[in-house]
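Below is one structure; the comments refer to it alone.
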Amino acid sequence: MVGIDIIELDRVDTSECFLSKIAYEDEIAYIKKTMCEQVQHERIASLFCVKEAVMKALGLGKKSGVVFKDIKLCHEESGKPYVELFGRAKEEYDLNFAGKSINVSISHSKTIATAICLIS
């Protein structure tokens with residue numbers, strides 16, 4: 001299964017309130033690792049996109065009970081992104097995709113962010 005998401009950065013809320021709704025503390029720490037406000041904005045948009053892409057790949061819509069914090073974006077030492085699943089997202093994975101790998105890729109520019117998720 002594949003999921004993809006793209007968003008224009010000017011549509012992304014960068015408030016602390018929004019971040020606390022969608023992100024874990026270590027995700028927020030990664031975003032704030034850089035002092036550059038533009039890069040922080042790009043990372044917030046990327047975080048949003050990767051969570052949306054994973055939801056789409058899992059086949060979970062807004063009425064499925066999944067929430068943004070059911071998906072956690074992590075990074076290997078090399079910087080390669082990967083996700084950990086919890087709650088409804090983990091239940092769906094275990095039910096329909098157990099044993100398959102979840103791969104994500106993220107890209108962003110000064111105006112857009114995008115992410116793709118492949119479960120195979």
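Labeling convention for the structure tokens: chains A, B, ... as they appear, residues from 1 per chain, ligands from 1 in order of appearance.
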Leaving out stretch 2-4 of chain A and any residue of its chain fewer than 3 positions from it, which residues lie within 12 Å of it when counting only C-alpha atoms, given as a PyMOL selection string? chain A and resi 7+46+48-61+101-107+113-120
Preceding selection exported with N, CA, C and O atoms as a short mmCIF file (atom, residue, chain, number, x, y, z; two decimals), in the first residue's frame:
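Generated output (out-v3.cif):
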data_model
loop_
_atom_site.label_atom_id
_atom_site.label_comp_id
_atom_site.auth_asym_id
_atom_site.auth_seq_id
_atom_site.Cartn_x
_atom_site.Cartn_y
_atom_site.Cartn_z
N ILE A 7 1.65 19.47 1.05
CA ILE A 7 0.99 20.65 1.59
C ILE A 7 1.84 21.89 1.33
O ILE A 7 3.07 21.82 1.33
N SER A 46 6.50 18.88 7.17
CA SER A 46 6.94 17.52 6.83
C SER A 46 6.38 16.51 7.82
O SER A 46 5.95 15.41 7.43
N PHE A 48 3.63 16.76 9.57
CA PHE A 48 2.21 16.63 9.26
C PHE A 48 2.03 15.72 8.04
O PHE A 48 1.20 14.80 8.07
N CYS A 49 2.80 15.94 6.99
CA CYS A 49 2.67 15.15 5.76
C CYS A 49 2.98 13.68 5.99
O CYS A 49 2.27 12.81 5.47
N VAL A 50 4.02 13.38 6.73
CA VAL A 50 4.38 11.97 6.90
C VAL A 50 3.29 11.24 7.69
O VAL A 50 2.94 10.10 7.38
N LYS A 51 2.70 11.90 8.67
CA LYS A 51 1.63 11.26 9.43
C LYS A 51 0.40 11.04 8.55
O LYS A 51 -0.24 9.98 8.61
N GLU A 52 0.08 12.00 7.71
CA GLU A 52 -1.03 11.85 6.76
C GLU A 52 -0.75 10.73 5.77
O GLU A 52 -1.63 9.93 5.46
N ALA A 53 0.46 10.66 5.25
CA ALA A 53 0.82 9.63 4.29
C ALA A 53 0.72 8.23 4.90
O ALA A 53 0.24 7.29 4.26
N VAL A 54 1.16 8.09 6.14
CA VAL A 54 1.08 6.79 6.82
C VAL A 54 -0.39 6.40 7.02
O VAL A 54 -0.77 5.25 6.77
N MET A 55 -1.21 7.35 7.44
CA MET A 55 -2.63 7.06 7.61
C MET A 55 -3.25 6.58 6.31
O MET A 55 -4.02 5.61 6.28
N LYS A 56 -2.91 7.23 5.21
CA LYS A 56 -3.44 6.85 3.90
C LYS A 56 -2.96 5.45 3.50
O LYS A 56 -3.74 4.65 2.99
N ALA A 57 -1.69 5.15 3.73
CA ALA A 57 -1.16 3.83 3.39
C ALA A 57 -1.83 2.73 4.21
O ALA A 57 -2.06 1.63 3.72
N LEU A 58 -2.17 3.05 5.44
CA LEU A 58 -2.86 2.09 6.31
C LEU A 58 -4.34 1.98 5.98
O LEU A 58 -5.03 1.09 6.47
N GLY A 59 -4.84 2.91 5.16
CA GLY A 59 -6.26 2.91 4.81
C GLY A 59 -7.14 3.51 5.88
O GLY A 59 -8.32 3.19 5.98
N LEU A 60 -6.56 4.38 6.70
CA LEU A 60 -7.30 4.98 7.81
C LEU A 60 -7.74 6.39 7.48
O LEU A 60 -6.92 7.24 7.17
N GLY A 61 -9.02 6.64 7.55
CA GLY A 61 -9.56 7.97 7.31
C GLY A 61 -9.88 8.68 8.60
O GLY A 61 -9.63 8.16 9.70
N SER A 101 7.21 -4.18 5.98
CA SER A 101 7.99 -3.02 6.38
C SER A 101 7.26 -1.74 5.98
O SER A 101 6.53 -1.70 4.98
N ILE A 102 7.47 -0.71 6.78
CA ILE A 102 6.92 0.61 6.51
C ILE A 102 8.10 1.52 6.18
O ILE A 102 8.99 1.71 7.00
N ASN A 103 8.10 2.05 4.98
CA ASN A 103 9.15 2.97 4.55
C ASN A 103 8.54 4.32 4.29
O ASN A 103 7.46 4.42 3.69
N VAL A 104 9.22 5.37 4.75
CA VAL A 104 8.75 6.72 4.51
C VAL A 104 9.88 7.56 3.91
O VAL A 104 11.06 7.32 4.16
N SER A 105 9.48 8.52 3.10
CA SER A 105 10.40 9.48 2.53
C SER A 105 9.75 10.85 2.62
O SER A 105 8.55 10.99 2.38
N ILE A 106 10.55 11.83 2.97
CA ILE A 106 10.05 13.19 3.20
C ILE A 106 10.90 14.16 2.38
O ILE A 106 12.11 14.00 2.28
N SER A 107 10.24 15.18 1.84
CA SER A 107 10.97 16.22 1.14
C SER A 107 10.25 17.54 1.38
O SER A 107 9.04 17.58 1.56
N ALA A 113 5.84 20.91 1.36
CA ALA A 113 6.39 19.71 1.99
C ALA A 113 5.59 18.53 1.47
O ALA A 113 4.40 18.65 1.15
N THR A 114 6.26 17.40 1.35
CA THR A 114 5.60 16.20 0.89
C THR A 114 6.20 14.98 1.59
O THR A 114 7.33 15.03 2.07
N ALA A 115 5.40 13.93 1.65
CA ALA A 115 5.88 12.68 2.23
C ALA A 115 5.17 11.54 1.53
O ALA A 115 4.03 11.67 1.06
N ILE A 116 5.87 10.42 1.47
CA ILE A 116 5.29 9.20 0.90
C ILE A 116 5.56 8.05 1.86
O ILE A 116 6.60 8.02 2.52
N CYS A 117 4.60 7.14 1.94
CA CYS A 117 4.74 5.97 2.77
C CYS A 117 4.45 4.74 1.91
O CYS A 117 3.45 4.70 1.19
N LEU A 118 5.32 3.75 2.00
CA LEU A 118 5.14 2.49 1.28
C LEU A 118 5.17 1.37 2.30
O LEU A 118 6.14 1.22 3.06
N ILE A 119 4.11 0.59 2.32
CA ILE A 119 4.06 -0.61 3.17
C ILE A 119 4.19 -1.80 2.24
O ILE A 119 3.35 -2.02 1.37
N SER A 120 5.29 -2.57 2.42
CA SER A 120 5.52 -3.71 1.52
C SER A 120 6.18 -4.88 2.25
O SER A 120 6.77 -4.72 3.26
#
Which of chain A counts as helix (DSSP H, G or I) under DSSP, as a ChimeraX atom specification please? /A:9-11,16-22,25-31,37-58,62-64,68-70,87-96
Separation of atom CA of A:Leu9 from atom CA of A:His41 in Å: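 About the pair atom CA of A:His41 and atom CA of A:Leu9: they are 7.1 Å apart.
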Using only C-alpha atoms, which residues sit within 9 Å of A:Arg43 once same-chain residues fewer than 3 positions away are excluded, as number ranges by chain? A: 30-32, 38-40, 46-48, 108, 113
As JSON, numbers by chain, please: every residue in chain A that a backbone DSSP assignment puts in strand (DSSP E or B). {"A": [2, 3, 4, 5, 6, 7, 8, 71, 72, 73, 74, 75, 81, 82, 83, 84, 85, 102, 103, 104, 105, 106, 107, 108, 112, 113, 114, 115, 116, 117, 118, 119]}
Please produce an output containing N, CA and C atoms for each residue in the selection, written as a short mmCIF file (atom, residue, chain, number, x, y, z; two decimals), in the first residue's frame.
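Output contents, as saved in out01.cif:
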data_model
loop_
_atom_site.label_atom_id
_atom_site.label_comp_id
_atom_site.auth_asym_id
_atom_site.auth_seq_id
_atom_site.Cartn_x
_atom_site.Cartn_y
_atom_site.Cartn_z
N VAL A 2 0.36 2.28 -0.60
CA VAL A 2 1.08 3.54 -0.72
C VAL A 2 0.20 4.67 -0.21
N GLY A 3 0.81 5.62 0.48
CA GLY A 3 0.14 6.84 0.88
C GLY A 3 1.04 8.01 0.59
N ILE A 4 0.48 9.11 0.15
CA ILE A 4 1.27 10.30 -0.15
C ILE A 4 0.51 11.52 0.33
N ASP A 5 1.26 12.55 0.73
CA ASP A 5 0.64 13.80 1.12
C ASP A 5 1.56 14.95 0.73
N ILE A 6 0.96 16.06 0.39
CA ILE A 6 1.69 17.28 0.03
C ILE A 6 0.92 18.47 0.59
N ILE A 7 1.65 19.47 1.05
CA ILE A 7 0.99 20.65 1.59
C ILE A 7 1.84 21.89 1.33
N GLU A 8 1.17 22.99 1.11
CA GLU A 8 1.86 24.28 0.99
C GLU A 8 2.16 24.77 2.40
N ILE A 71 1.08 7.95 15.32
CA ILE A 71 2.22 7.80 14.42
C ILE A 71 3.35 8.71 14.91
N LYS A 72 4.51 8.13 15.12
CA LYS A 72 5.65 8.90 15.61
C LYS A 72 6.77 8.87 14.58
N LEU A 73 7.22 10.04 14.17
CA LEU A 73 8.33 10.15 13.23
C LEU A 73 9.65 10.13 14.00
N CYS A 74 10.53 9.24 13.58
CA CYS A 74 11.85 9.09 14.19
C CYS A 74 12.90 9.19 13.09
N HIS A 75 14.14 9.32 13.50
CA HIS A 75 15.24 9.40 12.54
C HIS A 75 16.40 8.53 13.00
N PRO A 81 14.45 8.83 7.87
CA PRO A 81 13.23 8.80 8.68
C PRO A 81 12.59 7.41 8.73
N TYR A 82 11.96 7.13 9.85
CA TYR A 82 11.13 5.93 10.00
C TYR A 82 10.02 6.26 10.98
N VAL A 83 9.00 5.42 11.04
CA VAL A 83 7.88 5.68 11.93
C VAL A 83 7.68 4.54 12.92
N GLU A 84 7.14 4.90 14.06
CA GLU A 84 6.67 3.94 15.05
C GLU A 84 5.17 4.15 15.18
N LEU A 85 4.43 3.05 15.34
CA LEU A 85 2.98 3.13 15.39
C LEU A 85 2.45 2.80 16.78
N ILE A 102 7.47 -0.71 6.78
CA ILE A 102 6.92 0.61 6.51
C ILE A 102 8.10 1.52 6.18
N ASN A 103 8.10 2.05 4.98
CA ASN A 103 9.15 2.97 4.55
C ASN A 103 8.54 4.32 4.29
N VAL A 104 9.22 5.37 4.75
CA VAL A 104 8.75 6.72 4.51
C VAL A 104 9.88 7.56 3.91
N SER A 105 9.48 8.52 3.10
CA SER A 105 10.40 9.48 2.53
C SER A 105 9.75 10.85 2.62
N ILE A 106 10.55 11.83 2.97
CA ILE A 106 10.05 13.19 3.20
C ILE A 106 10.90 14.16 2.38
N SER A 107 10.24 15.18 1.84
CA SER A 107 10.97 16.22 1.14
C SER A 107 10.25 17.54 1.38
N HIS A 108 11.03 18.62 1.39
CA HIS A 108 10.42 19.93 1.57
C HIS A 108 11.27 21.01 0.92
N ILE A 112 6.70 24.12 -0.09
CA ILE A 112 5.89 22.91 0.05
C ILE A 112 6.63 21.84 0.83
N ALA A 113 5.84 20.91 1.36
CA ALA A 113 6.39 19.71 1.99
C ALA A 113 5.59 18.53 1.47
N THR A 114 6.26 17.40 1.35
CA THR A 114 5.60 16.20 0.89
C THR A 114 6.20 14.98 1.59
N ALA A 115 5.40 13.93 1.65
CA ALA A 115 5.88 12.68 2.23
C ALA A 115 5.17 11.54 1.53
N ILE A 116 5.87 10.42 1.47
CA ILE A 116 5.29 9.20 0.90
C ILE A 116 5.56 8.05 1.86
N CYS A 117 4.60 7.14 1.94
CA CYS A 117 4.74 5.97 2.77
C CYS A 117 4.45 4.74 1.91
N LEU A 118 5.32 3.75 2.00
CA LEU A 118 5.14 2.49 1.28
C LEU A 118 5.17 1.37 2.30
N ILE A 119 4.11 0.59 2.32
CA ILE A 119 4.06 -0.61 3.17
C ILE A 119 4.19 -1.80 2.24
#
Could you state the separation of atom CA of A:Phe68 and atom CA of A:Ile22 in Å, given to one decimal place?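 Pair atom CA of A:Phe68 / atom CA of A:Ile22 returns 4.9 Å.
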So how many Å separate atom CA of A:Asp94 and atom CA of A:Met1, to one decimal?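 Going from atom CA of A:Asp94 over to atom CA of A:Met1, I get 14.3 Å.
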